[in-house]
Structures are given as structure tokens and as C-alpha cells.
$ cat target.pdb   # PDB, C-alpha atoms, pLDDT in the B column
ATOM      1  CA  MET A   1      78.197 111.534 -79.488  1.00 71.00           C
ATOM      2  CA  ALA A   2      75.516 110.447 -77.035  1.00 88.00           C
ATOM      3  CA  VAL A   3      73.285 107.434 -77.574  1.00 95.00           C
ATOM      4  CA  VAL A   4      69.976 107.799 -79.433  1.00 94.00           C
ATOM      5  CA  LEU A   5      66.931 105.535 -79.170  1.00 96.00           C
ATOM      6  CA  ASP A   6      66.562 103.027 -82.011  1.00 95.00           C
ATOM      7  CA  GLN A   7      70.125 103.704 -83.206  1.00 97.00           C
ATOM      8  CA  PRO A   8      73.211 101.477 -82.818  1.00 97.00           C
ATOM      9  CA  VAL A   9      75.277 102.185 -79.721  1.00 97.00           C
ATOM     10  CA  ALA A  10      78.926 102.957 -80.451  1.00 96.00           C
ATOM     11  CA  ASP A  11      81.221 100.097 -79.485  1.00 95.00           C
ATOM     12  CA  PHE A  12      83.101 100.642 -76.251  1.00 95.00           C
ATOM     13  CA  ASP A  13      85.726  98.909 -74.156  1.00 94.00           C
ATOM     14  CA  ALA A  14      85.488  98.886 -70.365  1.00 95.00           C
ATOM     15  CA  GLN A  15      87.200  97.359 -67.349  1.00 95.00           C
ATOM     16  CA  ALA A  16      84.925  95.351 -65.086  1.00 97.00           C
ATOM     17  CA  THR A  17      85.076  93.238 -61.958  1.00 97.00           C
ATOM     18  CA  SER A  18      86.471  89.703 -62.124  1.00 96.00           C
ATOM     19  CA  ALA A  19      89.360  91.194 -64.173  1.00 94.00           C
ATOM     20  CA  LYS A  20      87.140  91.270 -67.269  1.00 92.00           C
ATOM     21  CA  ALA A  21      87.646  93.562 -70.217  1.00 93.00           C
ATOM     22  CA  LEU A  22      84.281  94.112 -71.873  1.00 93.00           C
ATOM     23  CA  SER A  23      83.244  95.475 -75.232  1.00 95.00           C
ATOM     24  CA  LEU A  24      79.757  95.954 -76.605  1.00 95.00           C
ATOM     25  CA  SER A  25      80.760  94.162 -79.821  1.00 95.00           C
ATOM     26  CA  GLY A  26      81.810  91.162 -77.729  1.00 95.00           C
ATOM     27  CA  LEU A  27      78.233  90.879 -76.444  1.00 95.00           C
ATOM     28  CA  LYS A  28      76.543  90.713 -79.884  1.00 92.00           C
ATOM     29  CA  GLY A  29      73.781  88.133 -79.959  1.00 96.00           C
ATOM     30  CA  ARG A  30      72.749  88.957 -76.373  1.00 96.00           C
ATOM     31  CA  GLN A  31      70.616  91.776 -75.080  1.00 97.00           C
ATOM     32  CA  VAL A  32      72.388  94.087 -72.650  1.00 98.00           C
ATOM     33  CA  VAL A  33      71.089  96.084 -69.686  1.00 98.00           C
ATOM     34  CA  ILE A  34      73.495  98.772 -68.512  1.00 98.00           C
ATOM     35  CA  TYR A  35      72.460 100.567 -65.370  1.00 98.00           C
ATOM     36  CA  PHE A  36      74.316 103.647 -64.110  1.00 98.00           C
ATOM     37  CA  TYR A  37      74.314 104.390 -60.412  1.00 97.00           C
ATOM     38  CA  PRO A  38      76.002 107.131 -58.343  1.00 96.00           C
ATOM     39  CA  LYS A  39      78.141 105.267 -55.779  1.00 96.00           C
ATOM     40  CA  ASP A  40      78.987 101.812 -54.451  1.00 98.00           C
ATOM     41  CA  SER A  41      77.547 100.742 -51.091  1.00 97.00           C
ATOM     42  CA  THR A  42      75.082 103.617 -50.704  1.00 96.00           C
ATOM     43  CA  PRO A  43      71.477 102.773 -49.757  1.00 96.00           C
ATOM     44  CA  GLY A  44      69.730 103.428 -53.085  1.00 95.00           C
ATOM     45  CA  CYS A  45      72.518 101.875 -55.142  1.00 96.00           C
ATOM     46  CA  THR A  46      72.588  98.806 -52.905  1.00 97.00           C
ATOM     47  CA  THR A  47      68.808  98.367 -53.172  1.00 97.00           C
ATOM     48  CA  GLU A  48      68.898  98.749 -56.956  1.00 98.00           C
ATOM     49  CA  GLY A  49      71.777  96.270 -57.295  1.00 98.00           C
ATOM     50  CA  GLN A  50      69.972  93.779 -55.068  1.00 98.00           C
ATOM     51  CA  GLY A  51      66.929  94.044 -57.340  1.00 98.00           C
ATOM     52  CA  PHE A  52      69.008  93.158 -60.393  1.00 98.00           C
ATOM     53  CA  ARG A  53      70.691  90.373 -58.378  1.00 98.00           C
ATOM     54  CA  ASP A  54      67.355  88.906 -57.295  1.00 98.00           C
ATOM     55  CA  GLN A  55      65.990  88.933 -60.875  1.00 98.00           C
ATOM     56  CA  TYR A  56      69.260  87.876 -62.528  1.00 98.00           C
ATOM     57  CA  ALA A  57      68.050  84.375 -63.473  1.00 98.00           C
ATOM     58  CA  ALA A  58      65.008  85.903 -65.198  1.00 98.00           C
ATOM     59  CA  PHE A  59      67.257  88.318 -67.137  1.00 98.00           C
ATOM     60  CA  GLN A  60      69.471  85.399 -68.189  1.00 98.00           C
ATOM     61  CA  ALA A  61      66.370  83.460 -69.331  1.00 98.00           C
ATOM     62  CA  ALA A  62      65.511  86.503 -71.487  1.00 97.00           C
ATOM     63  CA  ASN A  63      68.963  86.337 -73.191  1.00 97.00           C
ATOM     64  CA  THR A  64      70.003  89.500 -71.338  1.00 98.00           C
ATOM     65  CA  GLU A  65      73.298  90.406 -69.667  1.00 97.00           C
ATOM     66  CA  VAL A  66      73.259  92.951 -66.826  1.00 98.00           C
ATOM     67  CA  PHE A  67      76.059  95.401 -66.000  1.00 98.00           C
ATOM     68  CA  GLY A  68      76.230  98.086 -63.334  1.00 98.00           C
ATOM     69  CA  VAL A  69      78.334 101.194 -63.997  1.00 98.00           C
ATOM     70  CA  SER A  70      79.645 103.899 -61.697  1.00 97.00           C
ATOM     71  CA  ARG A  71      82.722 106.090 -61.437  1.00 97.00           C
ATOM     72  CA  ASP A  72      84.050 104.036 -58.508  1.00 97.00           C
ATOM     73  CA  GLY A  73      87.293 102.087 -58.950  1.00 97.00           C
ATOM     74  CA  LEU A  74      87.571  98.344 -59.460  1.00 97.00           C
ATOM     75  CA  LYS A  75      88.636  97.685 -55.838  1.00 97.00           C
ATOM     76  CA  SER A  76      85.492  99.387 -54.537  1.00 97.00           C
ATOM     77  CA  HIS A  77      83.425  97.499 -57.139  1.00 97.00           C
ATOM     78  CA  GLU A  78      84.946  94.148 -56.156  1.00 98.00           C
ATOM     79  CA  ASN A  79      84.091  94.771 -52.487  1.00 98.00           C
ATOM     80  CA  PHE A  80      80.545  95.925 -53.303  1.00 98.00           C
ATOM     81  CA  LYS A  81      79.960  92.962 -55.632  1.00 98.00           C
ATOM     82  CA  ALA A  82      81.276  90.434 -53.082  1.00 98.00           C
ATOM     83  CA  LYS A  83      79.374  91.912 -50.146  1.00 98.00           C
ATOM     84  CA  GLN A  84      76.068  91.909 -52.074  1.00 98.00           C
ATOM     85  CA  ALA A  85      76.737  88.615 -53.936  1.00 98.00           C
ATOM     86  CA  PHE A  86      76.036  90.213 -57.318  1.00 98.00           C
ATOM     87  CA  PRO A  87      76.161  87.561 -60.085  1.00 98.00           C
ATOM     88  CA  PHE A  88      76.824  90.265 -62.720  1.00 98.00           C
ATOM     89  CA  GLU A  89      79.865  92.438 -63.365  1.00 98.00           C
ATOM     90  CA  LEU A  90      80.319  96.057 -62.327  1.00 98.00           C
ATOM     91  CA  ILE A  91      82.087  98.402 -64.744  1.00 98.00           C
ATOM     92  CA  SER A  92      84.495 101.055 -63.488  1.00 97.00           C
ATOM     93  CA  ASP A  93      84.093 104.311 -65.433  1.00 97.00           C
ATOM     94  CA  LYS A  94      86.656 106.499 -63.678  1.00 95.00           C
ATOM     95  CA  ASP A  95      87.369 108.443 -66.877  1.00 95.00           C
ATOM     96  CA  GLU A  96      83.601 108.941 -67.459  1.00 95.00           C
ATOM     97  CA  ALA A  97      83.799 107.662 -71.058  1.00 95.00           C
ATOM     98  CA  LEU A  98      80.624 105.562 -70.685  1.00 97.00           C
ATOM     99  CA  CYS A  99      78.927 108.275 -68.631  1.00 97.00           C
ATOM    100  CA  GLN A 100      79.528 110.681 -71.524  1.00 96.00           C
ATOM    101  CA  LEU A 101      78.474 108.175 -74.190  1.00 97.00           C
ATOM    102  CA  PHE A 102      75.165 107.612 -72.378  1.00 97.00           C
ATOM    103  CA  ASP A 103      74.898 111.280 -71.252  1.00 97.00           C
ATOM    104  CA  VAL A 104      74.279 110.519 -67.565  1.00 97.00           C
ATOM    105  CA  ILE A 105      76.399 113.234 -65.892  1.00 96.00           C
ATOM    106  CA  LYS A 106      74.002 115.899 -64.632  1.00 94.00           C
ATOM    107  CA  LEU A 107      74.129 118.942 -62.373  1.00 92.00           C
ATOM    108  CA  LYS A 108      72.796 117.904 -58.955  1.00 91.00           C
ATOM    109  CA  LYS A 109      72.205 119.631 -55.642  1.00 88.00           C
ATOM    110  CA  LEU A 110      72.914 118.296 -52.176  1.00 86.00           C
ATOM    111  CA  TYR A 111      72.475 120.453 -49.094  1.00 92.00           C
ATOM    112  CA  GLY A 112      72.410 123.546 -51.308  1.00 92.00           C
ATOM    113  CA  LYS A 113      75.695 122.729 -53.058  1.00 92.00           C
ATOM    114  CA  GLU A 114      75.774 121.986 -56.777  1.00 94.00           C
ATOM    115  CA  TYR A 115      77.970 119.260 -58.233  1.00 91.00           C
ATOM    116  CA  LEU A 116      78.188 117.037 -61.303  1.00 93.00           C
ATOM    117  CA  GLY A 117      76.956 113.543 -60.525  1.00 93.00           C
ATOM    118  CA  VAL A 118      75.642 110.400 -62.165  1.00 96.00           C
ATOM    119  CA  ASP A 119      71.923 110.521 -62.942  1.00 96.00           C
ATOM    120  CA  ARG A 120      70.567 107.061 -62.080  1.00 97.00           C
ATOM    121  CA  SER A 121      69.734 105.666 -65.535  1.00 98.00           C
ATOM    122  CA  THR A 122      69.225 102.325 -67.268  1.00 98.00           C
ATOM    123  CA  PHE A 123      69.585 101.361 -70.924  1.00 98.00           C
ATOM    124  CA  LEU A 124      68.350  98.280 -72.796  1.00 98.00           C
ATOM    125  CA  ILE A 125      70.351  97.365 -75.896  1.00 98.00           C
ATOM    126  CA  ASP A 126      69.085  94.662 -78.247  1.00 97.00           C
ATOM    127  CA  SER A 127      71.107  91.699 -79.522  1.00 96.00           C
ATOM    128  CA  ALA A 128      72.203  93.698 -82.593  1.00 96.00           C
ATOM    129  CA  GLY A 129      73.619  96.555 -80.487  1.00 96.00           C
ATOM    130  CA  VAL A 130      70.718  98.981 -80.977  1.00 97.00           C
ATOM    131  CA  LEU A 131      69.430 101.065 -78.045  1.00 98.00           C
ATOM    132  CA  ARG A 132      65.772 100.054 -77.585  1.00 98.00           C
ATOM    133  CA  LYS A 133      64.759 101.603 -74.253  1.00 98.00           C
ATOM    134  CA  GLU A 134      66.124 104.119 -71.767  1.00 98.00           C
ATOM    135  CA  TRP A 135      65.091 105.110 -68.280  1.00 98.00           C
ATOM    136  CA  ARG A 136      66.516 108.371 -66.899  1.00 96.00           C
ATOM    137  CA  GLY A 137      66.126 109.899 -63.455  1.00 95.00           C
ATOM    138  CA  VAL A 138      65.264 106.432 -62.151  1.00 96.00           C
ATOM    139  CA  LYS A 139      63.455 105.909 -58.864  1.00 96.00           C
ATOM    140  CA  VAL A 140      64.532 102.543 -57.454  1.00 96.00           C
ATOM    141  CA  PRO A 141      61.198 100.993 -56.282  1.00 96.00           C
ATOM    142  CA  GLY A 142      59.703  98.890 -59.092  1.00 96.00           C
ATOM    143  CA  HIS A 143      62.411  99.834 -61.582  1.00 97.00           C
ATOM    144  CA  VAL A 144      64.062  96.419 -61.991  1.00 98.00           C
ATOM    145  CA  ASP A 145      60.676  94.798 -62.682  1.00 98.00           C
ATOM    146  CA  ALA A 146      59.976  97.376 -65.417  1.00 98.00           C
ATOM    147  CA  VAL A 147      63.380  96.727 -67.022  1.00 98.00           C
ATOM    148  CA  LEU A 148      62.865  92.958 -66.846  1.00 98.00           C
ATOM    149  CA  ALA A 149      59.433  93.227 -68.492  1.00 98.00           C
ATOM    150  CA  GLU A 150      60.937  95.241 -71.388  1.00 98.00           C
ATOM    151  CA  ALA A 151      63.858  92.796 -71.752  1.00 98.00           C
ATOM    152  CA  GLN A 152      61.467  89.850 -71.862  1.00 98.00           C
ATOM    153  CA  ALA A 153      59.202  91.560 -74.398  1.00 97.00           C
ATOM    154  CA  LEU A 154      62.185  92.493 -76.596  1.00 96.00           C
ATOM    155  CA  ASN A 155      63.500  88.919 -76.419  1.00 95.00           C
ATOM    156  CA  GLN A 156      60.108  87.637 -77.655  1.00 93.00           C
ATOM    157  CA  ALA A 157      59.979  90.119 -80.561  1.00 84.00           C
TER     158      ALA A 157
END
$ encode --input "target.pdb" --output "C-alpha cells"
Amino acid sequence: MAVVLDQPVADFDAQATSAKALSLSGLKGRQVVIYFYPKDSTPGCTTEGQGFRDQYAAFQAANTEVFGVSRDGLKSHENFKAKQAFPFELISDKDEALCQLFDVIKLKKLYGKEYLGVDRSTFLIDSAGVLRKEWRGVKVPGHVDAVLAEAQALNQA
């Protein structure tokens, strides 16, 4: 079942960079930003990741953990994370379990060909595990600032 605003997000387990196994239940007490992006080391995904990197200290000050998710493997993620000096972990979702949970696989078109791809999306989960805000069909410019503002406001609530 896909996530619903103002409802608890089902617990999940995921493999991430730095050889970390993550679960949503293991993050209770902290807010969580999960952003889905199409592919490591592509221009838009790099720019978006750099935005989260550059604002990471502000997210941490707002009691918020940040995670990037794509269908790339851990080796690709490790290279992308190291090259961009991301202070947060990247989650490998090769089996698309998280993509399905958050309903981010959409029909896309590129050069007239249709394919199923990741719709750039971001989700803000509160410290109790409840989905509080979602952004779908994200355009990169200004997006990280909007997410940070929501995380800060939620942390103050």
C-alpha cells in the first residue's frame, strides 16, 4: 500500500551506503527527508544532491535526517556520494520496494520512447513516523530550500 499524507509510513528496511542497514523504525525520534531521484551522477540529480549537501547542517539542526534513494546499486551510490562529498546516506532500491511504497514509478517519455522511471519526489516524515509533506514531480531549483523550511517548521511544532 502506498503512503498517505498524515498517516504512519509502513516500516521498511533498506541497504544504504557506508554499509548501513536502515529501517524507518530505527529513526524514530528524528524527522526524515527521503528524496527519490532517477540516476546517480546525472546533472539534475547531482544538483539536487548538492543542494541537500549544502543545507545538511541546517537539516541536522532541525532534527532531520536526509536520505537519497534511487534504483542504482550500492557501488554506484558509493562513488556518487564520495565524488560529491555527500554527508548523508544513499539508499539502493534495486528491487523498487521503496519506490512502490512511495508510489514514485511513473510512465515517462524520452525522445518519443516510453519507459517506467523514477518521478523525482521528496517526502517529509515526522519524528513519530507519520508522513507530513510530499513533493512530487519536483523541479530542482529552489526545492531543497522549500523542504528545509517545512522541516524547520515541523520541528518547531
$ residues_near_point --input "target.pdb" --point "(81.3, 98.4, -58.6)" --cutoff "8 Å" --atoms "all atoms listed in the file" --output "PyMOL selection string"
chain A and resi 17+40+68-70+72-81+89-92
$ write_last_selection --input "target.pdb" --atoms "C-alpha atoms" --output "PDB file, in the frame of the given file"
ATOM      1  CA  THR A  17      85.076  93.238 -61.958  1.00 97.00           C
ATOM      2  CA  ASP A  40      78.987 101.812 -54.451  1.00 98.00           C
ATOM      3  CA  GLY A  68      76.230  98.086 -63.334  1.00 98.00           C
ATOM      4  CA  VAL A  69      78.334 101.194 -63.997  1.00 98.00           C
ATOM      5  CA  SER A  70      79.645 103.899 -61.697  1.00 97.00           C
ATOM      6  CA  ASP A  72      84.050 104.036 -58.508  1.00 97.00           C
ATOM      7  CA  GLY A  73      87.293 102.087 -58.950  1.00 97.00           C
ATOM      8  CA  LEU A  74      87.571  98.344 -59.460  1.00 97.00           C
ATOM      9  CA  LYS A  75      88.636  97.685 -55.838  1.00 97.00           C
ATOM     10  CA  SER A  76      85.492  99.387 -54.537  1.00 97.00           C
ATOM     11  CA  HIS A  77      83.425  97.499 -57.139  1.00 97.00           C
ATOM     12  CA  GLU A  78      84.946  94.148 -56.156  1.00 98.00           C
ATOM     13  CA  ASN A  79      84.091  94.771 -52.487  1.00 98.00           C
ATOM     14  CA  PHE A  80      80.545  95.925 -53.303  1.00 98.00           C
ATOM     15  CA  LYS A  81      79.960  92.962 -55.632  1.00 98.00           C
ATOM     16  CA  GLU A  89      79.865  92.438 -63.365  1.00 98.00           C
ATOM     17  CA  LEU A  90      80.319  96.057 -62.327  1.00 98.00           C
ATOM     18  CA  ILE A  91      82.087  98.402 -64.744  1.00 98.00           C
ATOM     19  CA  SER A  92      84.495 101.055 -63.488  1.00 97.00           C
TER      20      SER A  92
END
$ resolve_selection --input "target.pdb" --expression "the PyMOL selection byres ((chain A and resi 29) around 12)" --output "list in words"
Leu24, Ser25, Gly26, Leu27, Lys28, Arg30, Gln31, Val32, Ala62, Asn63, Thr64, Glu65, Ile125, Asp126, Ser127, Ala128, Gly129, Val130 and Asn155 of chain A
$ resolve_selection --input "target.pdb" --expression "the PyMOL selection byres ((chain A and resi 98-110) around 8)" --output "PyMOL selection string"
chain A and resi 1-3+12+36+93+96-97+111-121
$ write_last_selection --input "target.pdb" --atoms "C-alpha atoms" --output "compact mmCIF listing (two decimals), in the frame of the given file"
# COMPACT_ATOMS: atom_id res chain seq x y z
CA MET A 1 78.20 111.53 -79.49
CA ALA A 2 75.52 110.45 -77.04
CA VAL A 3 73.28 107.43 -77.57
CA PHE A 12 83.10 100.64 -76.25
CA PHE A 36 74.32 103.65 -64.11
CA ASP A 93 84.09 104.31 -65.43
CA GLU A 96 83.60 108.94 -67.46
CA ALA A 97 83.80 107.66 -71.06
CA TYR A 111 72.47 120.45 -49.09
CA GLY A 112 72.41 123.55 -51.31
CA LYS A 113 75.69 122.73 -53.06
CA GLU A 114 75.77 121.99 -56.78
CA TYR A 115 77.97 119.26 -58.23
CA LEU A 116 78.19 117.04 -61.30
CA GLY A 117 76.96 113.54 -60.52
CA VAL A 118 75.64 110.40 -62.16
CA ASP A 119 71.92 110.52 -62.94
CA ARG A 120 70.57 107.06 -62.08
CA SER A 121 69.73 105.67 -65.54
$ axis_aligned_box --input "target.pdb" --around "segment 111-128 of chain A" --padding-each-side "6 Å" --output "AutoDock Vina command-line options"
--center_x 73.3 --center_y 107.6 --center_z -65.8 --size_x 21.8 --size_y 43.8 --size_z 45.5
$ residues_near_point --input "target.pdb" --point "(73.0, 85.5, -63.1)" --cutoff "7 Å" --atoms "only C-alpha atoms" --output "list in words"
Tyr56, Ala57, Gln60, Pro87 and Phe88 of chain A
$ atom_distance --input "target.pdb" --atom1 "atom CA of Trp135 of chain A" --atom2 "atom CA of Phe123 of chain A"
6.4 Å
$ atom_distance --input "target.pdb" --atom1 "atom CA of Lys83 of chain A" --atom2 "atom CA of Pro43 of chain A"
13.4 Å
$ atom_distance --input "target.pdb" --atom1 "atom CA of Ser41 of chain A" --atom2 "atom CA of Ala82 of chain A"
11.1 Å
